[in-house]
Amino acid sequence: MTDGAAEDLHDLDHHMAFPRLAGLTMSPDGSRLVTTVTTLDEKRTGYVTALWEVDPSGARAARRLTRSAAGEAGATFSASGDLWFTSCRPGETGESDDTALWRLPAEGGEATVVNRRPGGVSQVICARSADVTVVTAPLLPGATDEGQHAVLHAARTDGSVTAILHDSYPVRSWDHDLGPARSALFTVDEQESPEQPLPRTEDELPRRLRHVTEGLGSRFGGDVTLSPDGTRALISVHVPEPDADRRTALALVDLVSGERRMIADDPDHDHAPGPFSPDGRRAVVTVTRRPVPSRALEPRLHLLDLETGGLSPTADADLWLTAFDWLPDGSGVIAVADADGRGPLFRVDVTDGAVSQLTHDDATYSAAVVSPDGTAVLGVRSSYAHPSEVVRVELDEGSVTRLRNPVRRPELPGTLTEVETHAEDGVRVRAWLALPEGASPEDPAPLLLWIHGGPLSSWNQWSWRWNPWLMVARGYAVLLPDPALSTGYGQEFIQRGWNCWGEAPFTDLMAITDAAEARPDIDQTRTAAMGGSFGGYMANWVAGHTDRFSAIVTHASLWALDQFGPTTDASFFWRRQIDAAMEQNHSPHRFVEDIVTPMLVIHGDKDYRVPIGEGLRLWYELLEKSGLPADAEGNTVHRFLYFPQENHWILTPRHAKIWYEVVLGFLAEHVLGESRNLPAELGLTPPTQGD
């Protein structure tokens, strides 16, 4: 628990240190819930995660289960009630370089290491009704067993070799390089590996990993669900296509024999595995119509018969549903979907496809499990009024009770309301509006338009990285709109902006900004706009198409679409929705000469989703061609905040603080007409006494 509630969001150091909850797993008997809480490490230069137990009845206070400098993640219960997780914590001989597999016995005591291997373990999954555990872990392609993998891994490590020879696409993902090791699926067998002997105590028996996706290599997609009895796994498989494209299919793996068969594959759709039914005969999966420039993608829940491979739609609703868990009697599933700026839980009847909304709170659910008796759903929810917390939802009435969490709610520096208007084509457009305390007609607040990324997403849940309350605490009203392309408003709302980002998404943003500025508690003479990723694209587009804002902040932004398309980490995805006409007509770089607003450009060098070339080119062309170019002495009103070691997100605590300090200083200068001190760590000002 953190002290100093009054400083939660007024003080950046308090914000960076505030504990952050995520994830949920439940024991088979429903008596235990486990979540994770992330806090600053001892040096306050990074974050570490611990496991906490929450009482599903709400009677007992939450209690911490693990304590280590390395932290723990990926917790899941086995059928016998043991808690499995991953951690880099050292074992008896001090090894701690790679993420190992650990188990905390149901009866209590100390956690013991189950398997430690070169390259580590990525994910652990346990069957619900049998003591079967599988893991995903990286495997070098030249290895056929764990012993060969260890030899090859040592050769690369000892020789400091980082070179990778690729023979397929993609080669990068978000913030990390792919290869040479490839994700593989293993069962965890109860015997020691002869090629990998480990020190052990009487209670610590190392277990062997048995490879069950042999031959798939990089085609294994990494998504896995297990049958309740642990005999079968449903996995995603990437199917290569011409022109470096690929689709995603499903395969069913017999975990006893290793036999594998493709069970769902269609050139026009991608597939993602979902939970098995209680009887193990069916699974709810997501089938997504693949996008083309003229038509948006469209994910829909389907029921997959695991014997015949038959697929049938199972949700009659214009919602992008994701299934969390089955009801114990097999009659339906609990799912979540974005809906009107929220993300409620839904009950989906698998017999007739009827969809009914279960929760009606102003929140979005990121995890949910059904109690064994079928009376309640235990979930994790958040909203712009509070960060993630564990709750209990009664299935018969949908009432929600906040349980006794390990983390309190932070104190907000203002109030949350909604704004809506109609776009020029008559479509309703809505937004959250976070107002600072004291905003009134007598003292109207400056407005900050904050545009979300994605673009297929919604401003509907708390974000520690994109936190509007830090701006509200400094006196800004923050507008969080969902323009065309946003999820939660139906398929047609997405189609309005498809392959034409500079049209309806832009006009929607301007319409909702007009509606916010019409409020008497908003000062329309002091406004700014900002966004990251796709939001950065829109910020760049806004800069080239209006001079209504006093400042614009663009983070990790798309600038030249013909350059972005082939250099991003997943070109096949973007090539399916951006055609040559879009690249020509909707690329912000073509309008650089019309930019007359001071811009703060922010980019991380390790960003593979929006490569650094976008930021570098934007920065150069602002100084060379914009309506506010650098003068003869090289002076400019624009700024470029560059993070050599950060990626698409600025994650390290000190860099995240600098991000906010620089953004707030830039806004203060151009919106409020005030001068703010820049962070001393930037080295731009003389040190003060005591530095």
# chains A, B, ... in the order shown; residues from 1 in each chain; ligands from 1

call {"tool": "closest_atom_pairs", "arguments": {"of": "region 8-97 of chain A", "to": "region 348-367 of chain A", "cutoff": "10 Å", "atoms": "only C-alpha atoms", "output": "tab-separated table"}}
result
residue	atom	partner	partner_atom	distance
A:Ala22	CA	A:Ser366	CA	8.3
A:Gly23	CA	A:Ala367	CA	6.3
A:Leu24	CA	A:Ala367	CA	6.4
A:Thr25	CA	A:Ala367	CA	8.8

call {"tool": "write_last_selection", "arguments": {"atoms": "C-alpha atoms", "output": "mmCIF file, in the first residue's frame"}}
result
data_model
loop_
_atom_site.group_PDB
_atom_site.id
_atom_site.type_symbol
_atom_site.label_atom_id
_atom_site.label_comp_id
_atom_site.auth_asym_id
_atom_site.auth_seq_id
_atom_site.Cartn_x
_atom_site.Cartn_y
_atom_site.Cartn_z
ATOM 1 C CA ALA A 22 -2.792 -7.224 -13.247
ATOM 2 C CA GLY A 23 -3.952 -10.743 -14.098
ATOM 3 C CA LEU A 24 -5.945 -13.381 -12.248
ATOM 4 C CA THR A 25 -5.931 -17.132 -11.699
#

call {"tool": "residues_around", "arguments": {"residues": "Arg44 (chain A)", "least_positions_apart": "6", "cutoff": "9 Å", "atoms": "only C-alpha atoms", "output": "VMD selection string"}}
result
chain A and resid 17 653 to 654

call {"tool": "residues_around", "arguments": {"residues": "Val407 (chain A)", "least_positions_apart": "2", "cutoff": "12 Å", "atoms": "only C-alpha atoms", "output": "PyMOL selection string"}}
result
chain A and resi 1-3+18-22+35-39+52-54+61-64+386-390+402-405+409-410

call {"tool": "residues_around", "arguments": {"residues": "region 657-667 of chain A", "least_positions_apart": "4", "cutoff": "7 Å", "atoms": "only C-alpha atoms", "output": "PDB file with N, CA and C atoms, in the first residue's frame"}}
result
ATOM      1  N   LEU A  12       4.938  13.189  -9.772  1.00  0.00           N
ATOM      2  CA  LEU A  12       5.322  12.167 -10.733  1.00  0.00           C
ATOM      3  C   LEU A  12       6.043  10.994 -10.077  1.00  0.00           C
ATOM      4  N   ALA A 551      -0.214  23.815 -29.504  1.00  0.00           N
ATOM      5  CA  ALA A 551       0.924  22.898 -29.469  1.00  0.00           C
ATOM      6  C   ALA A 551       0.435  21.500 -29.811  1.00  0.00           C
ATOM      7  N   PRO A 653      11.227   3.654 -15.255  1.00  0.00           N
ATOM      8  CA  PRO A 653      10.578   4.699 -14.449  1.00  0.00           C
ATOM      9  C   PRO A 653      11.146   6.104 -14.678  1.00  0.00           C
ATOM     10  N   VAL A 671       0.975  26.593 -24.499  1.00  0.00           N
ATOM     11  CA  VAL A 671      -0.455  26.693 -24.209  1.00  0.00           C
ATOM     12  C   VAL A 671      -0.718  27.687 -23.089  1.00  0.00           C
ATOM     13  N   ARG A 676       8.761  26.304 -17.705  1.00  0.00           N
ATOM     14  CA  ARG A 676       8.961  25.218 -16.740  1.00  0.00           C
ATOM     15  C   ARG A 676      10.395  24.711 -16.820  1.00  0.00           C
ATOM     16  N   LEU A 678      13.242  22.112 -17.135  1.00  0.00           N
ATOM     17  CA  LEU A 678      13.379  20.795 -17.726  1.00  0.00           C
ATOM     18  C   LEU A 678      14.128  19.873 -16.772  1.00  0.00           C
ATOM     19  N   PRO A 679      13.957  18.552 -16.909  1.00  0.00           N
ATOM     20  CA  PRO A 679      14.654  17.627 -16.005  1.00  0.00           C
ATOM     21  C   PRO A 679      16.162  17.847 -16.024  1.00  0.00           C
TER      22      PRO A 679
END

call {"tool": "residues_around", "arguments": {"residues": "Thr421 (chain A)", "least_positions_apart": "3", "cutoff": "8 Å", "atoms": "only C-alpha atoms", "output": "list in words"}}
result
Arg428, Val429, Arg430, Ala511, Ile512 and Ala515 of chain A

call {"tool": "atom_distance", "arguments": {"atom1": "CA of Thr66 (chain A)", "atom2": "CA of Asp11 (chain A)"}}
result
29.0 Å

call {"tool": "decode", "arguments": {"residues": "region 282-297 of chain A", "atoms": "N, CA and C atoms", "output": "PDB file, in the first residue's frame"}}
result
ATOM      1  N   ARG A 282     -15.622 -29.485 -27.239  1.00  0.00           N
ATOM      2  CA  ARG A 282     -15.750 -28.269 -28.038  1.00  0.00           C
ATOM      3  C   ARG A 282     -14.813 -27.193 -27.490  1.00  0.00           C
ATOM      4  N   ALA A 283     -14.634 -26.169 -28.292  1.00  0.00           N
ATOM      5  CA  ALA A 283     -13.887 -24.998 -27.837  1.00  0.00           C
ATOM      6  C   ALA A 283     -14.510 -23.767 -28.482  1.00  0.00           C
ATOM      7  N   VAL A 284     -14.513 -22.682 -27.755  1.00  0.00           N
ATOM      8  CA  VAL A 284     -14.917 -21.401 -28.333  1.00  0.00           C
ATOM      9  C   VAL A 284     -13.664 -20.725 -28.865  1.00  0.00           C
ATOM     10  N   VAL A 285     -13.664 -20.404 -30.141  1.00  0.00           N
ATOM     11  CA  VAL A 285     -12.493 -19.820 -30.787  1.00  0.00           C
ATOM     12  C   VAL A 285     -12.907 -18.515 -31.475  1.00  0.00           C
ATOM     13  N   THR A 286     -11.921 -17.696 -31.784  1.00  0.00           N
ATOM     14  CA  THR A 286     -12.171 -16.455 -32.507  1.00  0.00           C
ATOM     15  C   THR A 286     -11.793 -16.638 -33.964  1.00  0.00           C
ATOM     16  N   VAL A 287     -12.737 -16.387 -34.837  1.00  0.00           N
ATOM     17  CA  VAL A 287     -12.517 -16.466 -36.281  1.00  0.00           C
ATOM     18  C   VAL A 287     -12.644 -15.049 -36.830  1.00  0.00           C
ATOM     19  N   THR A 288     -11.562 -14.565 -37.437  1.00  0.00           N
ATOM     20  CA  THR A 288     -11.515 -13.177 -37.890  1.00  0.00           C
ATOM     21  C   THR A 288     -11.460 -13.101 -39.403  1.00  0.00           C
ATOM     22  N   ARG A 289     -12.455 -12.458 -39.984  1.00  0.00           N
ATOM     23  CA  ARG A 289     -12.413 -12.206 -41.421  1.00  0.00           C
ATOM     24  C   ARG A 289     -11.205 -11.334 -41.727  1.00  0.00           C
ATOM     25  N   ARG A 290     -10.356 -11.808 -42.612  1.00  0.00           N
ATOM     26  CA  ARG A 290      -9.114 -11.087 -42.883  1.00  0.00           C
ATOM     27  C   ARG A 290      -9.404  -9.794 -43.638  1.00  0.00           C
ATOM     28  N   PRO A 291      -8.681  -8.745 -43.281  1.00  0.00           N
ATOM     29  CA  PRO A 291      -8.977  -7.448 -43.902  1.00  0.00           C
ATOM     30  C   PRO A 291      -8.411  -7.337 -45.306  1.00  0.00           C
ATOM     31  N   VAL A 292      -9.037  -6.478 -46.082  1.00  0.00           N
ATOM     32  CA  VAL A 292      -8.521  -5.993 -47.354  1.00  0.00           C
ATOM     33  C   VAL A 292      -8.747  -4.489 -47.344  1.00  0.00           C
ATOM     34  N   PRO A 293      -8.080  -3.738 -48.215  1.00  0.00           N
ATOM     35  CA  PRO A 293      -8.233  -2.281 -48.158  1.00  0.00           C
ATOM     36  C   PRO A 293      -9.670  -1.787 -48.237  1.00  0.00           C
ATOM     37  N   SER A 294     -10.542  -2.537 -48.864  1.00  0.00           N
ATOM     38  CA  SER A 294     -11.921  -2.082 -48.997  1.00  0.00           C
ATOM     39  C   SER A 294     -12.835  -2.565 -47.875  1.00  0.00           C
ATOM     40  N   ARG A 295     -12.313  -3.442 -46.971  1.00  0.00           N
ATOM     41  CA  ARG A 295     -13.184  -4.029 -45.953  1.00  0.00           C
ATOM     42  C   ARG A 295     -12.376  -4.326 -44.691  1.00  0.00           C
ATOM     43  N   ALA A 296     -12.898  -3.867 -43.571  1.00  0.00           N
ATOM     44  CA  ALA A 296     -12.201  -4.032 -42.298  1.00  0.00           C
ATOM     45  C   ALA A 296     -12.226  -5.478 -41.833  1.00  0.00           C
ATOM     46  N   LEU A 297     -11.271  -5.816 -40.994  1.00  0.00           N
ATOM     47  CA  LEU A 297     -11.313  -7.134 -40.355  1.00  0.00           C
ATOM     48  C   LEU A 297     -12.531  -7.221 -39.441  1.00  0.00           C
TER      49      LEU A 297
END
